[in-house]
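Some notes on the structure that comes next.
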Amino acid sequence: MDKVLVAYASKHGATAEIAERIGEALRQAGLAADVLPASRVSDLTPYKAVVLGSAVYIGQWRREAARFLKANEQALAGRPVWLFSSGPTGEGDPVALVQGWRLPKGLQPIADRIRPRDIAVFHGALDAQKMGPIEKWMIKNVKAPLGDFRKWEAITAWAAGIAAALGGHGA
Ligand SMILES: Cc1cc2nc3c(=O)[nH]c(=O)nc-3n(C[C@H](O)[C@H](O)[C@H](O)COP(=O)(O)O)c2cc1C
């Protein structure tokens, strides 16, 4: 029970890179961290704390992340947990870009029981080269700006807060 798990669900890789960055920041603070796709983790026994993040598609978390939350509700409720959503593109406060939304409504009851220490929203990245034709059409429809809007300083600062809460030596 001495490691921190950073679990993520990502379709095109942007959220995976955010999770990797969080893992790096935790390690820099002297904590042992595993960064893994949520679909590959079935046992939380080795972990003293969990960070779980998902890319947002059409207002929903990726299925693997939602499944992880449901399947591990009890174990998560007994550990310090931090959640993040990653999605909005464009400049400005990411929470404002998604009108105050932090988590899909359907997952809120589970989150209420798990009582995460925080739920962050991070900017995402939209790469036209990675999107299929339907995705391109959907993005055009909602006029979401293309590009990489991830703010690494914000992500690292959030991770440093987690490290501090877990007794790390500060990033
Ligand atoms: C088809 C499609 C639908 C999306 N829907 C949303 C959405 O509802 N809300 C949001 O904030 N971002 C939305 N996004 C943006 C993604 O969340 C963003 O590109 C994210 O960084 C993707 O992460 P990934 O590369 O880890 O899959 C959408 C992207 C695509 C391609």
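If you're wondering about the labels, chains in the structure tokens are A, B, ... by order shown, residues count from 1 in each chain, ligands from 1 in order shown.
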
Could you go through region 47-99 of chain A and tell me which residues DSSP, when run on the backbone, assigns to strand (DSSP E or B), listing them as an MDAnalysis selection string? chainID A and resid 47:57 60:61 81:86

Excluding Asp148 (chain A) and its own-chain neighbours fewer than 4 positions away, which residues fall within 12 Å of it when counting only C-alpha atoms? Please give them as a compact mmCIF listing (two decimals) with N, CA, C and O atoms, in the first residue's frame.
# COMPACT_ATOMS: atom_id res chain seq x y z
N GLY A 13 -4.94 9.76 -26.99
CA GLY A 13 -3.62 9.90 -26.37
C GLY A 13 -3.39 11.16 -25.56
O GLY A 13 -2.45 11.22 -24.76
N ALA A 14 -4.23 12.19 -25.71
CA ALA A 14 -3.98 13.45 -25.00
C ALA A 14 -4.11 13.27 -23.49
O ALA A 14 -3.30 13.80 -22.71
N THR A 15 -5.09 12.51 -23.06
CA THR A 15 -5.31 12.30 -21.62
C THR A 15 -4.25 11.37 -21.04
O THR A 15 -3.83 11.53 -19.89
N GLU A 17 -1.20 11.38 -21.90
CA GLU A 17 -0.01 12.22 -21.65
C GLU A 17 -0.19 13.07 -20.40
O GLU A 17 0.77 13.33 -19.67
N ILE A 18 -1.41 13.50 -20.13
CA ILE A 18 -1.68 14.25 -18.88
C ILE A 18 -1.40 13.33 -17.69
O ILE A 18 -0.75 13.71 -16.72
N SER A 86 -10.75 15.67 -18.87
CA SER A 86 -9.99 16.46 -19.83
C SER A 86 -10.73 16.54 -21.15
O SER A 86 -11.17 15.53 -21.68
N GLY A 87 -10.91 17.75 -21.65
CA GLY A 87 -11.66 17.86 -22.89
C GLY A 87 -11.67 19.22 -23.56
O GLY A 87 -11.31 19.32 -24.73
N PRO A 88 -12.10 20.27 -22.83
CA PRO A 88 -12.38 21.52 -23.53
C PRO A 88 -11.17 22.09 -24.27
O PRO A 88 -10.05 22.06 -23.74
N THR A 89 -11.40 22.56 -25.47
CA THR A 89 -10.35 23.24 -26.22
C THR A 89 -10.74 24.71 -26.35
O THR A 89 -11.91 25.05 -26.25
N GLY A 90 -9.75 25.55 -26.55
CA GLY A 90 -9.99 27.00 -26.56
C GLY A 90 -9.30 27.59 -25.35
O GLY A 90 -8.90 26.87 -24.44
N GLU A 91 -9.16 28.91 -25.35
CA GLU A 91 -8.44 29.56 -24.26
C GLU A 91 -9.39 29.92 -23.11
O GLU A 91 -10.59 30.00 -23.30
N PHE A 122 -9.23 19.76 -17.07
CA PHE A 122 -8.07 20.24 -17.82
C PHE A 122 -8.43 20.41 -19.29
O PHE A 122 -9.23 19.65 -19.84
N HIS A 123 -7.80 21.40 -19.91
CA HIS A 123 -7.95 21.57 -21.36
C HIS A 123 -7.50 20.29 -22.07
O HIS A 123 -6.60 19.59 -21.57
N GLY A 124 -8.07 20.04 -23.23
CA GLY A 124 -7.67 18.89 -24.02
C GLY A 124 -6.99 19.30 -25.31
O GLY A 124 -6.57 20.45 -25.47
N ALA A 125 -6.87 18.35 -26.20
CA ALA A 125 -6.24 18.59 -27.49
C ALA A 125 -7.08 17.93 -28.58
O ALA A 125 -7.55 16.81 -28.41
N LEU A 126 -7.26 18.63 -29.66
CA LEU A 126 -7.98 18.07 -30.82
C LEU A 126 -7.05 18.08 -32.02
O LEU A 126 -6.67 19.15 -32.50
N ASP A 127 -6.69 16.88 -32.47
CA ASP A 127 -5.76 16.75 -33.59
C ASP A 127 -6.54 16.17 -34.77
O ASP A 127 -6.95 15.00 -34.74
N ALA A 128 -6.73 16.99 -35.80
CA ALA A 128 -7.54 16.58 -36.96
C ALA A 128 -6.98 15.30 -37.59
O ALA A 128 -7.73 14.49 -38.13
N ALA A 144 -15.74 23.41 -31.90
CA ALA A 144 -14.64 23.33 -30.91
C ALA A 144 -13.33 23.63 -31.64
O ALA A 144 -13.06 23.07 -32.70
N TRP A 152 0.37 22.60 -19.21
CA TRP A 152 1.19 21.70 -18.42
C TRP A 152 1.47 22.25 -17.03
O TRP A 152 1.60 21.49 -16.07

Pick the closest to ligand 1 from A:Arg79, A:Lys3, A:Arg62, A:Lys11: which is it, counting only C-alpha atoms and all ligand atoms?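 Checking each candidate against ligand 1, we get A:Lys11 as the closest.
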
Counting only C-alpha atoms and all ligand atoms, the residue of A:Ala19, A:Leu166, A:Ala77, A:Val98 that sits nearest ligand 1: A:Val98

Atom pair atom 29 (C, counted along the ligand's line) of ligand 1 / CA of Ile155 (chain A): separation (Å):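 Going from atom 29 (C, counted along the ligand's line) of ligand 1 over to CA of Ile155 (chain A), I get 19.5 Å.
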
Would you mind listing what lies within 10 Å of Arg115 (chain A) as a list in words, with only C-alpha atoms counted and same-chain residues fewer than 2 positions away left out? Leu76, Ala77, Gly78, Arg79, Pro80, Val81, Trp82, Gln108, Pro109, Ile110, Ala111, Asp112, Arg113, Arg117, Asp118 and Ile119 of chain A

I need the residues in region 8-169 of chain A that are helix (DSSP H, G or I) according to DSSP; give them as an MDAnalysis selection string. chainID A and resid 14:28 38:40 63:71 73:77 94:97 105:114 133:142 152:165

Between A:Asn141, A:Thr45, A:Gln60, A:Ser39, which is the closest to ligand 1 once you count only C-alpha atoms and all ligand atoms?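 For ligand 1, the nearest of the given residues is A:Gln60.
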
Considering only C-alpha atoms, give me a table of residues in region 43-73 of chain A that are at most 12 Å from region 101-106 of chain A, with the closest atom pair and distance in Å for each, as a tab-separated table.
residue	atom	partner	partner_atom	distance
A:Leu52	CA	A:Leu103	CA	11.8
A:Gly53	CA	A:Leu103	CA	10.3
A:Ser54	CA	A:Leu103	CA	9.6
A:Ala55	CA	A:Leu103	CA	10.7
A:Val56	CA	A:Pro104	CA	8.8
A:Tyr57	CA	A:Pro104	CA	10.3
A:Ile58	CA	A:Pro104	CA	9.9
A:Gly59	CA	A:Pro104	CA	6.4
A:Gln60	CA	A:Pro104	CA	5.5
A:Trp61	CA	A:Pro104	CA	6.7
A:Arg62	CA	A:Pro104	CA	10.4
A:Arg63	CA	A:Pro104	CA	11.6
A:Ala65	CA	A:Pro104	CA	11.4
A:Ala66	CA	A:Gly106	CA	9.3
A:Arg67	CA	A:Gly106	CA	11.9
A:Leu69	CA	A:Gly106	CA	11.5
A:Lys70	CA	A:Gly106	CA	11.0

Expected file: the selected residues, N, CA and C atoms, as a short mmCIF file (atom, residue, chain, number, x, y, z; two decimals), in the first residue's frame:
data_model
loop_
_atom_site.label_atom_id
_atom_site.label_comp_id
_atom_site.auth_asym_id
_atom_site.auth_seq_id
_atom_site.Cartn_x
_atom_site.Cartn_y
_atom_site.Cartn_z
N LEU A 52 -7.71 9.40 -10.94
CA LEU A 52 -8.40 8.82 -12.10
C LEU A 52 -8.84 9.94 -13.02
N GLY A 53 -8.48 9.83 -14.29
CA GLY A 53 -8.88 10.86 -15.25
C GLY A 53 -9.42 10.27 -16.52
N SER A 54 -10.30 11.01 -17.17
CA SER A 54 -10.86 10.55 -18.44
C SER A 54 -10.98 11.69 -19.43
N ALA A 55 -10.79 11.35 -20.69
CA ALA A 55 -11.16 12.26 -21.76
C ALA A 55 -12.69 12.35 -21.80
N VAL A 56 -13.20 13.49 -22.23
CA VAL A 56 -14.65 13.69 -22.31
C VAL A 56 -15.08 13.63 -23.78
N TYR A 57 -16.04 12.77 -24.05
CA TYR A 57 -16.61 12.65 -25.40
C TYR A 57 -18.12 12.78 -25.30
N ILE A 58 -18.63 13.82 -25.96
CA ILE A 58 -20.08 14.11 -25.94
C ILE A 58 -20.61 14.11 -24.51
N GLY A 59 -19.93 14.84 -23.68
CA GLY A 59 -20.39 15.03 -22.31
C GLY A 59 -20.22 13.83 -21.39
N GLN A 60 -19.56 12.79 -21.90
CA GLN A 60 -19.41 11.57 -21.07
C GLN A 60 -17.94 11.24 -20.86
N TRP A 61 -17.65 10.56 -19.76
CA TRP A 61 -16.33 9.95 -19.58
C TRP A 61 -16.24 8.75 -20.50
N ARG A 62 -15.03 8.35 -20.84
CA ARG A 62 -14.82 7.11 -21.58
C ARG A 62 -15.34 5.95 -20.72
N ARG A 63 -15.84 4.95 -21.41
CA ARG A 63 -16.48 3.83 -20.71
C ARG A 63 -15.53 3.16 -19.70
N ALA A 65 -13.21 4.41 -17.89
CA ALA A 65 -13.07 5.18 -16.65
C ALA A 65 -14.33 5.08 -15.80
N ALA A 66 -15.49 5.13 -16.46
CA ALA A 66 -16.75 5.00 -15.73
C ALA A 66 -16.85 3.62 -15.09
N ARG A 67 -16.43 2.62 -15.86
CA ARG A 67 -16.43 1.24 -15.34
C ARG A 67 -15.51 1.10 -14.13
N LEU A 69 -14.60 3.37 -12.04
CA LEU A 69 -15.19 4.05 -10.89
C LEU A 69 -16.25 3.17 -10.22
N LYS A 70 -17.10 2.56 -11.06
CA LYS A 70 -18.18 1.72 -10.52
C LYS A 70 -17.62 0.44 -9.90
#

Selected residue, from A:Ala38, A:Val4, A:Ala32, A:Val95, that lies nearest to ligand 1 when counting only C-alpha atoms and all ligand atoms: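 Distance minimum relative to ligand 1 lands on A:Val95.
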